[in-house]
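Participant: Have a peek at run.tsv (TSV, C-alpha atoms).
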chain	number	residue	atom	x	y	z
N	1	MET	CA	-22.37	-6.54	10.20
N	2	SER	CA	-25.42	-6.16	8.00
N	3	ASN	CA	-25.74	-2.42	8.58
N	4	GLU	CA	-22.23	-1.69	7.38
N	5	ILE	CA	-22.22	0.50	4.32
N	6	VAL	CA	-19.02	-0.95	2.99
N	7	LYS	CA	-18.24	-4.54	3.69
N	8	VAL	CA	-14.68	-5.63	3.24
N	9	MET	CA	-14.66	-8.89	1.37
N	10	GLN	CA	-12.72	-11.98	2.15
N	11	THR	CA	-9.49	-12.23	0.26
N	12	ASP	CA	-9.42	-15.81	-1.03
N	13	ALA	CA	-12.11	-15.12	-3.60
N	14	GLU	CA	-10.10	-12.21	-4.92
N	15	GLN	CA	-7.02	-14.20	-5.66
N	16	SER	CA	-8.81	-15.94	-8.53
N	17	ILE	CA	-9.50	-12.63	-10.30
N	18	ALA	CA	-5.80	-11.80	-10.62
N	19	PRO	CA	-4.29	-12.79	-13.93
N	20	ALA	CA	-2.36	-16.02	-13.56
N	21	ALA	CA	0.73	-14.60	-15.24
N	22	ASP	CA	1.30	-12.15	-12.38
N	23	PRO	CA	2.47	-14.14	-9.42
N	24	VAL	CA	2.34	-11.63	-6.55
N	25	VAL	CA	-0.83	-9.78	-5.64
N	26	PHE	CA	-1.12	-7.97	-2.34
N	27	THR	CA	-4.08	-6.80	-0.33
N	28	PRO	CA	-3.44	-3.11	0.19
N	29	PRO	CA	-4.08	-1.60	3.63
N	30	ILE	CA	-7.11	0.70	3.71
N	31	ASP	CA	-8.80	3.30	5.87
N	32	ILE	CA	-12.51	4.00	5.75
N	33	PHE	CA	-13.94	7.03	7.49
N	34	GLU	CA	-17.27	8.79	7.65
N	35	THR	CA	-17.91	12.30	6.44
N	36	PRO	CA	-21.18	14.27	6.56
N	37	ASP	CA	-21.82	13.24	2.94
N	38	GLY	CA	-20.92	9.59	3.11
N	39	LEU	CA	-17.73	7.60	3.30
N	40	VAL	CA	-14.17	8.01	2.13
N	41	LEU	CA	-11.91	5.06	1.41
N	42	LEU	CA	-8.14	5.41	1.30
N	43	ALA	CA	-5.88	2.64	-0.02
N	44	ASP	CA	-2.08	2.53	-0.10
N	45	LEU	CA	-0.97	1.67	-3.64
N	46	PRO	CA	2.69	2.68	-3.88
N	47	GLY	CA	4.06	2.59	-7.42
N	48	VAL	CA	0.64	2.52	-9.07
N	49	ILE	CA	0.04	5.12	-11.77
N	50	LEU	CA	-3.31	6.29	-13.06
N	51	GLU	CA	-2.99	4.32	-16.31
N	52	SER	CA	-2.42	1.04	-14.50
N	53	LEU	CA	-5.25	1.42	-11.99
N	54	GLU	CA	-8.61	-0.20	-12.53
N	55	LEU	CA	-11.49	0.79	-10.32
N	56	GLN	CA	-14.87	-0.65	-11.07
N	57	VAL	CA	-18.28	-1.08	-9.57
N	58	GLN	CA	-20.29	-4.04	-10.69
N	59	ASP	CA	-23.60	-4.71	-9.03
N	60	ASN	CA	-22.70	-3.89	-5.46
N	61	LYS	CA	-19.05	-4.79	-5.63
N	62	LEU	CA	-16.31	-2.21	-5.78
N	63	THR	CA	-13.01	-3.64	-6.98
N	64	LEU	CA	-9.67	-1.92	-7.14
N	65	PHE	CA	-6.79	-3.43	-9.04
N	66	GLY	CA	-3.52	-1.56	-9.27
N	67	LYS	CA	-0.75	-2.90	-11.44
N	68	VAL	CA	2.81	-2.14	-10.50
N	69	LYS	CA	5.50	-2.05	-13.14
N	70	PRO	CA	8.87	-1.73	-11.45
N	71	ASP	CA	10.67	1.21	-13.02
N	72	LEU	CA	14.27	0.04	-12.83
N	73	PRO	CA	17.34	0.36	-15.04
N	74	ALA	CA	17.93	-2.75	-17.14
N	75	ASP	CA	21.17	-3.62	-15.39
N	76	ALA	CA	19.78	-3.28	-11.85
N	77	ARG	CA	20.69	-6.22	-9.66
N	78	LEU	CA	18.86	-6.75	-6.37
N	79	ILE	CA	21.41	-6.96	-3.55
N	80	HIS	CA	19.21	-6.40	-0.51
N	81	GLN	CA	15.48	-7.08	-0.25
N	82	GLU	CA	13.11	-6.23	2.57
N	83	TYR	CA	9.81	-6.08	0.71
N	84	ALA	CA	8.31	-7.78	-2.31
N	85	VAL	CA	6.89	-5.86	-5.25
N	86	GLY	CA	3.51	-6.89	-6.62
N	87	HIS	CA	0.12	-5.74	-7.78
N	88	PHE	CA	-2.67	-4.61	-5.47
N	89	LEU	CA	-6.17	-6.04	-5.42
N	90	ARG	CA	-9.07	-5.60	-3.05
N	91	SER	CA	-12.86	-5.71	-3.21
N	92	PHE	CA	-15.64	-4.22	-1.16
N	93	ILE	CA	-19.37	-4.73	-1.00
N	94	LEU	CA	-21.26	-1.47	-1.11
N	95	SER	CA	-24.65	-1.14	0.50
N	96	ASP	CA	-27.61	0.38	-1.30
N	97	GLU	CA	-27.02	3.55	0.71
N	98	VAL	CA	-24.06	4.44	-1.52
N	99	ASP	CA	-24.90	6.54	-4.54
N	100	HIS	CA	-23.10	4.50	-7.18
N	101	ASP	CA	-23.40	7.19	-9.84
N	102	ARG	CA	-21.58	9.78	-7.79
N	103	ILE	CA	-18.59	7.67	-6.71
N	104	ALA	CA	-15.44	9.69	-7.36
N	105	ALA	CA	-11.80	8.74	-7.02
N	106	LYS	CA	-8.37	10.28	-7.23
N	107	LEU	CA	-4.83	8.99	-6.96
N	108	ASN	CA	-2.15	11.03	-5.23
N	109	GLN	CA	1.37	9.94	-4.26
N	110	GLY	CA	0.45	6.27	-4.25
N	111	VAL	CA	-2.76	6.70	-2.26
N	112	LEU	CA	-6.15	6.09	-3.84
N	113	GLU	CA	-9.01	8.10	-2.40
N	114	VAL	CA	-12.51	6.92	-3.23
N	115	VAL	CA	-15.42	9.11	-2.19
N	116	LEU	CA	-18.60	7.11	-1.61
N	117	PRO	CA	-21.46	9.59	-1.26
N	118	GLN	CA	-24.59	8.59	0.58
N	119	LEU	CA	-27.71	8.35	-1.53
N	120	ARG	CA	-29.83	11.47	-1.17
N	121	LYS	CA	-33.18	10.63	0.36
N	122	SER	CA	-35.68	11.32	-2.36
N	123	GLU	CA	-38.75	13.36	-1.59
N	124	PRO	CA	-42.00	11.40	-1.65
N	125	ARG	CA	-43.68	11.93	-4.98
N	126	ARG	CA	-47.32	12.70	-4.94
N	127	ILE	CA	-49.38	10.72	-7.40
N	128	GLN	CA	-52.47	12.36	-8.64
N	129	ILE	CA	-55.57	10.24	-8.37
N	130	THR	CA	-58.26	10.92	-10.83
N	131	VAL	CA	-61.78	9.84	-10.35
N	132	GLU	CA	-63.50	8.47	-13.37
F	1	MET	CA	-3.63	-20.34	2.03
F	2	PRO	CA	-5.75	-23.00	3.71
F	3	VAL	CA	-4.48	-23.66	7.21
F	4	PHE	CA	-7.26	-25.48	8.98
F	5	ARG	CA	-8.47	-28.82	7.63
F	6	TRP	CA	-10.91	-31.22	9.18
F	7	GLY	CA	-9.75	-34.81	8.85
F	8	GLN	CA	-12.87	-36.02	7.11
F	9	ALA	CA	-14.52	-33.06	5.50
F	10	TRP	CA	-18.20	-33.62	6.13
F	11	ASP	CA	-20.35	-31.09	4.47
F	12	PRO	CA	-21.49	-29.38	7.69
F	13	PHE	CA	-17.87	-28.73	8.56
F	14	HIS	CA	-16.93	-27.40	5.19
F	15	ASP	CA	-18.32	-23.97	5.96
F	16	LEU	CA	-16.60	-23.97	9.33
F	17	GLU	CA	-13.28	-24.79	7.73
F	18	ARG	CA	-13.65	-21.98	5.28
F	19	GLU	CA	-14.65	-19.61	8.02
F	20	VAL	CA	-11.60	-20.48	10.13
F	21	ASP	CA	-9.33	-20.13	7.08
F	22	ARG	CA	-10.83	-16.77	6.40
F	23	LEU	CA	-10.26	-15.66	9.99
F	24	LEU	CA	-6.67	-16.84	9.98
F	25	ALA	CA	-6.07	-15.15	6.64
F	26	SER	CA	-7.38	-11.86	7.95
F	27	VAL	CA	-5.12	-12.16	11.00
F	28	SER	CA	-2.00	-12.64	8.91
F	29	ILE	CA	-2.91	-9.65	6.76
F	30	SER	CA	-3.05	-7.33	9.75
F	31	PHE	CA	0.27	-8.70	11.00
F	32	SER	CA	2.09	-8.13	7.74
F	33	GLY	CA	0.56	-4.67	7.67
F	34	LEU	CA	2.11	-3.85	11.02
F	35	ARG	CA	5.46	-5.32	10.04
F	36	PHE	CA	6.33	-6.50	13.52
F	37	GLY	CA	9.96	-6.47	14.50
F	38	ARG	CA	11.00	-4.84	11.26
F	39	GLU	CA	12.45	-1.47	10.72
F	40	TYR	CA	10.28	1.03	8.91
F	41	PRO	CA	10.33	1.71	6.05
F	42	PRO	CA	11.48	-1.53	4.45
F	43	VAL	CA	13.96	-0.85	1.67
F	44	ASN	CA	15.21	-2.68	-1.40
F	45	VAL	CA	18.72	-1.97	-2.66
F	46	TYR	CA	19.81	-2.53	-6.26
F	47	GLU	CA	23.26	-2.41	-7.72
F	48	VAL	CA	23.43	-0.40	-10.94
F	49	THR	CA	26.35	0.45	-13.22
F	50	ASP	CA	27.44	3.60	-11.48
F	51	GLY	CA	26.40	2.88	-7.93
F	52	LEU	CA	23.47	1.84	-5.79
F	53	LEU	CA	19.76	2.49	-5.99
F	54	LEU	CA	17.73	2.39	-2.79
F	55	ILE	CA	13.94	2.15	-3.04
F	56	ALA	CA	11.34	2.55	-0.30
F	57	GLU	CA	7.54	2.59	-0.52
F	58	LEU	CA	6.11	5.59	1.32
F	59	PRO	CA	2.61	6.13	-0.08
F	60	GLY	CA	0.82	9.27	1.01
F	61	THR	CA	3.89	10.98	2.40
F	62	ARG	CA	4.18	14.61	1.36
F	63	PRO	CA	7.57	15.36	-0.22
F	64	GLU	CA	8.05	18.23	2.26
F	65	ASP	CA	7.67	15.75	5.13
F	66	LEU	CA	10.48	13.60	3.79
F	67	GLU	CA	14.17	14.05	4.60
F	68	VAL	CA	17.09	12.15	3.16
F	69	PHE	CA	20.65	12.85	4.24
F	70	VAL	CA	23.97	11.13	4.43
F	71	THR	CA	26.86	11.63	6.83
F	72	ASP	CA	30.03	9.55	7.09
F	73	GLY	CA	28.65	6.64	5.15
F	74	VAL	CA	25.35	6.48	7.04
F	75	LEU	CA	22.20	7.23	5.09
F	76	THR	CA	19.29	8.52	7.14
F	77	LEU	CA	15.67	8.59	5.99
F	78	LYS	CA	13.23	10.58	8.06
F	79	GLY	CA	9.60	11.34	7.56
F	80	LYS	CA	6.05	11.38	8.78
F	81	ARG	CA	2.63	10.54	7.53
F	82	THR	CA	-0.44	12.20	8.90
F	83	GLY	CA	-4.07	11.24	8.44
F	84	PRO	CA	-6.55	13.43	6.59
F	85	ASP	CA	-7.10	16.77	8.31
F	86	GLY	CA	-10.13	17.21	10.52
F	87	VAL	CA	-11.20	13.58	10.72
F	88	PRO	CA	-11.62	12.52	14.36
F	89	ASP	CA	-10.66	8.97	15.28
F	90	ASP	CA	-14.24	7.96	16.06
F	91	ARG	CA	-15.18	8.58	12.41
F	92	TYR	CA	-13.07	5.65	11.28
F	93	ARG	CA	-14.81	2.44	10.30
F	94	ARG	CA	-11.51	0.81	9.49
F	95	GLN	CA	-7.94	1.83	10.01
F	96	GLU	CA	-5.13	-0.26	8.58
F	97	ARG	CA	-2.78	2.31	7.12
F	98	LEU	CA	0.19	3.23	9.27
F	99	ARG	CA	0.79	6.80	10.26
F	100	GLY	CA	3.22	8.65	12.43
F	101	VAL	CA	6.82	9.77	12.55
F	102	TRP	CA	9.64	7.43	11.57
F	103	GLN	CA	13.37	7.48	11.07
F	104	ARG	CA	15.76	4.91	9.73
F	105	SER	CA	19.53	4.88	9.33
F	106	LEU	CA	21.41	2.56	7.01
F	107	THR	CA	25.13	2.02	6.79
F	108	LEU	CA	26.22	2.22	3.19
F	109	PRO	CA	28.26	-0.76	2.06
F	110	GLU	CA	30.82	1.13	-0.01
F	111	ARG	CA	32.25	4.53	-0.69
F	112	ILE	CA	29.57	6.80	-2.04
F	113	GLN	CA	30.01	10.23	-3.59
F	114	GLU	CA	27.91	12.01	-1.04
F	115	ASP	CA	27.74	15.27	-2.99
F	116	GLN	CA	26.44	13.43	-6.08
F	117	MET	CA	23.50	11.72	-4.36
F	118	SER	CA	20.02	12.41	-5.66
F	119	ALA	CA	16.54	11.38	-4.61
F	120	GLU	CA	13.16	11.41	-6.29
F	121	PHE	CA	9.72	10.72	-4.93
F	122	THR	CA	6.99	9.71	-7.36
F	123	ASN	CA	3.76	7.76	-6.94
F	124	GLY	CA	4.58	7.16	-3.29
F	125	VAL	CA	7.91	5.49	-4.08
F	126	LEU	CA	11.20	7.02	-2.91
F	127	LYS	CA	14.30	6.36	-5.01
F	128	VAL	CA	17.71	7.38	-3.73
F	129	ARG	CA	20.61	7.22	-6.17
F	130	LEU	CA	23.96	6.64	-4.53
F	131	PRO	CA	26.80	7.00	-7.05
F	132	LYS	CA	29.95	5.10	-6.23
F	133	ALA	CA	33.08	7.08	-5.64
F	134	PRO	CA	35.58	6.46	-8.45
F	135	ALA	CA	38.25	3.94	-7.62
F	136	THR	CA	41.15	5.84	-6.23
F	137	ILE	CA	44.57	5.41	-7.77
F	138	ALA	CA	46.97	3.77	-5.39
F	139	ARG	CA	49.42	6.34	-4.13
F	140	GLN	CA	53.02	5.27	-4.19
F	141	ILE	CA	54.83	5.94	-0.96
F	142	PRO	CA	58.51	6.35	-1.61
F	143	VAL	CA	60.68	4.21	0.56
F	144	SER	CA	64.00	5.74	1.32
F	145	ASP	CA	67.01	3.79	2.26
F	146	GLY	CA	67.38	4.16	6.02
F	147	ASN	CA	71.16	3.51	5.92
F	148	THR	CA	72.09	6.65	4.07
In structure tokens, what does this structure look like?
Facilitator:
Amino acid sequence: MSNEIVKVMQTDAEQSIAPAADPVVFTPPIDIFETPDGLVLLADLPGVILESLELQVQDNKLTLFGKVKPDLPADARLIHQEYAVGHFLRSFILSDEVDHDRIAAKLNQGVLEVVLPQLRKSEPRRIQITVE
Amino acid sequence: MPVFRWGQAWDPFHDLEREVDRLLASVSISFSGLRFGREYPPVNVYEVTDGLLLIAELPGTRPEDLEVFVTDGVLTLKGKRTGPDGVPDDRYRRQERLRGVWQRSLTLPERIQEDQMSAEFTNGVLKVRLPKAPATIARQIPVSDGNT
């Protein structure tokens, strides 16, 4: 477990982050796959638009929070329900191998794609020693 | 939601309790993700002034992979979702998102103007507008006197 680059956090801690006024918060399903440059994370966030998506990295924790505002006519009356509508929240622990400064993300048709590039191994720097 | 509770919560067991709760919570998440025994995709139907509005969440589906059609009062939704191109299965660290080909048919509850239907797909949400057919005027059937 310790060598995982991205650790998927437990969900109970996340519930407390959600604003209390919003009753339903879901854990979105995700995929994580490796590429030659690092990792890519995909999360299903149907109904989330760019303006209502918060993606942040604090210390080693990557948090995504997508707010869903149902876009319905005022007179719409629910007559058949098979799924509940709510916001999406999930957190991940990033290892030090992820280059935090180069994390990039895009949102397309309700899917968030976060690119987590691996930190480039820095060349050893030679330190000049002077003799007094 | 806490499921497992030790009768007298001694401190050494507190961590165990939390660990078991966490495990059970993760199990229920994967189950709801798979939506066992349910038809895919789940839909919500709203009644609006001029008809019905059907909504389904289909994140990551390309509009060209989506088909919506109606015949004789049966609405059929068809589509597929593929994974990212060129990523072999052994590259996955985690795979929770569903993919594959699906089809679902729904019987419409009332008369719908099939030629007036429209559908839009934005932000991974499909909305199908089903306008109600106008109430037909009752046609009088003349009754003739059978004796004449």
Participant: To box range 100-107 of chain N, take all atoms listed in the file, fit an axis-aligned box, add 5 Å on each side, and give centre and edge lengths in Å to one decimal, as lines of an AutoDock Vina configuration file.
Facilitator:
center_x = -14.1
center_y = 7.4
center_z = -8.3
size_x = 28.6
size_y = 15.8
size_z = 13.1
Participant: Pull out every residue of chain N that has at least one atom within 6 Å of chain F, counting only C-alpha atoms, and report them as a PDB file with C-alpha atoms, keeping the file's coordinate frame.
Facilitator:
ATOM      1  CA  PRO N  29      -4.080  -1.600   3.630  1.00  0.00           C
ATOM      2  CA  ILE N  30      -7.110   0.700   3.710  1.00  0.00           C
ATOM      3  CA  ASP N  31      -8.800   3.300   5.870  1.00  0.00           C
ATOM      4  CA  ILE N  32     -12.510   4.000   5.750  1.00  0.00           C
ATOM      5  CA  PHE N  33     -13.940   7.030   7.490  1.00  0.00           C
ATOM      6  CA  GLU N  34     -17.270   8.790   7.650  1.00  0.00           C
ATOM      7  CA  ASP N  44      -2.080   2.530  -0.100  1.00  0.00           C
ATOM      8  CA  PRO N  46       2.690   2.680  -3.880  1.00  0.00           C
ATOM      9  CA  GLY N  47       4.060   2.590  -7.420  1.00  0.00           C
ATOM     10  CA  ASP N  75      21.170  -3.620 -15.390  1.00  0.00           C
ATOM     11  CA  ALA N  76      19.780  -3.280 -11.850  1.00  0.00           C
ATOM     12  CA  ARG N  77      20.690  -6.220  -9.660  1.00  0.00           C
ATOM     13  CA  LEU N  78      18.860  -6.750  -6.370  1.00  0.00           C
ATOM     14  CA  ILE N  79      21.410  -6.960  -3.550  1.00  0.00           C
ATOM     15  CA  HIS N  80      19.210  -6.400  -0.510  1.00  0.00           C
ATOM     16  CA  GLN N  81      15.480  -7.080  -0.250  1.00  0.00           C
ATOM     17  CA  GLU N  82      13.110  -6.230   2.570  1.00  0.00           C
ATOM     18  CA  GLN N 109       1.370   9.940  -4.260  1.00  0.00           C
ATOM     19  CA  GLY N 110       0.450   6.270  -4.250  1.00  0.00           C
ATOM     20  CA  VAL N 111      -2.760   6.700  -2.260  1.00  0.00           C
TER      21      VAL N 111
END
Participant: Taking all atoms listed in the file into account, name the residue in F:Asp145, F:Asp15, F:Asp72, F:Arg99 that is nearest to Asp115 in chain F.
Facilitator: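 Of F:Asp145, F:Asp15, F:Asp72, F:Arg99, the one nearest Asp115 in chain F is F:Asp72, counting all atoms listed in the file.
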Participant: So what do you get for CA of Leu77 in chain F versus CA of Arg111 in chain F, distance-wise?
Facilitator: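 We find that CA of Leu77 in chain F and CA of Arg111 in chain F lie 18.3 Å from each other.
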Participant: Name the residues in contact with Pro109 in chain F at a cut-off of 10 Å, using all atoms listed in the file, excluding same-chain residues fewer than 3 positions from it; report them as a PyMOL selection string.
Facilitator: chain F and resi 52+73-74+106+112
Participant: So, counting all atoms listed in the file, which residue among N:Lys61, N:Leu119, N:Val24, N:Tyr83 is closest to Tyr40 in chain F?
Facilitator: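 Residue with the minimum atom-to-atom distance to Tyr40 in chain F: N:Tyr83.
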Participant: Could you name the residues that touch Val98 in chain N at 8 Å or less, counting all atoms listed in the file, but leaving out those on the same chain fewer than 2 positions away, as a VMD selection string?
Facilitator: chain N and resid 5 38 94 to 96 100 116 to 119
Participant: Keeping only C-alpha atoms, write those residues as a CSV table (one decimal), in the coordinates of the input.
Facilitator:
chain,number,residue,atom,x,y,z
N,5,ILE,CA,-22.2,0.5,4.3
N,38,GLY,CA,-20.9,9.6,3.1
N,94,LEU,CA,-21.3,-1.5,-1.1
N,95,SER,CA,-24.6,-1.1,0.5
N,96,ASP,CA,-27.6,0.4,-1.3
N,100,HIS,CA,-23.1,4.5,-7.2
N,116,LEU,CA,-18.6,7.1,-1.6
N,117,PRO,CA,-21.5,9.6,-1.3
N,118,GLN,CA,-24.6,8.6,0.6
N,119,LEU,CA,-27.7,8.4,-1.5
Participant: To one decimal place, how far is CA of Phe92 in chain N from CA of Thr63 in chain N in Å?
Facilitator: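 Rounded to one decimal, the two atoms are 6.4 Å apart.
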Participant: Have a look at F:Gln113, F:Ser105, F:Ser144, F:Thr71 and name the one nearest to Arg129 in chain F; count all atoms listed in the file.
Facilitator: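 Of F:Gln113, F:Ser105, F:Ser144, F:Thr71, the one nearest Arg129 in chain F, counting all atoms listed in the file, is F:Gln113.
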Participant: Interatomic distance between CA of Thr82 in chain F and CA of Gly100 in chain F?
Facilitator: 6.2 Å
Participant: Tell me which of F:Val68, F:Leu108, F:Met117, F:Leu75 sits closest to Pro131 in chain F, counting all atoms listed in the file.
Facilitator: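 Nearest candidate to Pro131 in chain F out of F:Val68, F:Leu108, F:Met117, F:Leu75: F:Met117.
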Participant: Counting all atoms listed in the file, what is within 9 Å of Phe26 in chain N, bar same-chain residues fewer than 3 positions away, as a short mmCIF file (atom, residue, chain, number, x, y, z; two decimals) with C-alpha atoms, in the coordinates of the input?
Facilitator:
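This went into result.cif:
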data_model
loop_
_atom_site.label_atom_id
_atom_site.label_comp_id
_atom_site.auth_asym_id
_atom_site.auth_seq_id
_atom_site.Cartn_x
_atom_site.Cartn_y
_atom_site.Cartn_z
CA VAL N 85 6.89 -5.86 -5.25
CA GLY N 86 3.51 -6.89 -6.62
CA HIS N 87 0.12 -5.74 -7.78
CA PHE N 88 -2.67 -4.61 -5.47
CA LEU N 89 -6.17 -6.04 -5.42
CA ARG N 90 -9.07 -5.60 -3.05
#
Participant: Within 12 Å of Glu51 in chain N, counting all atoms listed in the file, which residues show up once you throw out same-chain ones fewer than 4 positions away? Write them as a list in words, please.
Facilitator: Gly47, Leu55, Phe65, Gly66, Lys67, Val68, Lys69 and Leu107 of chain N
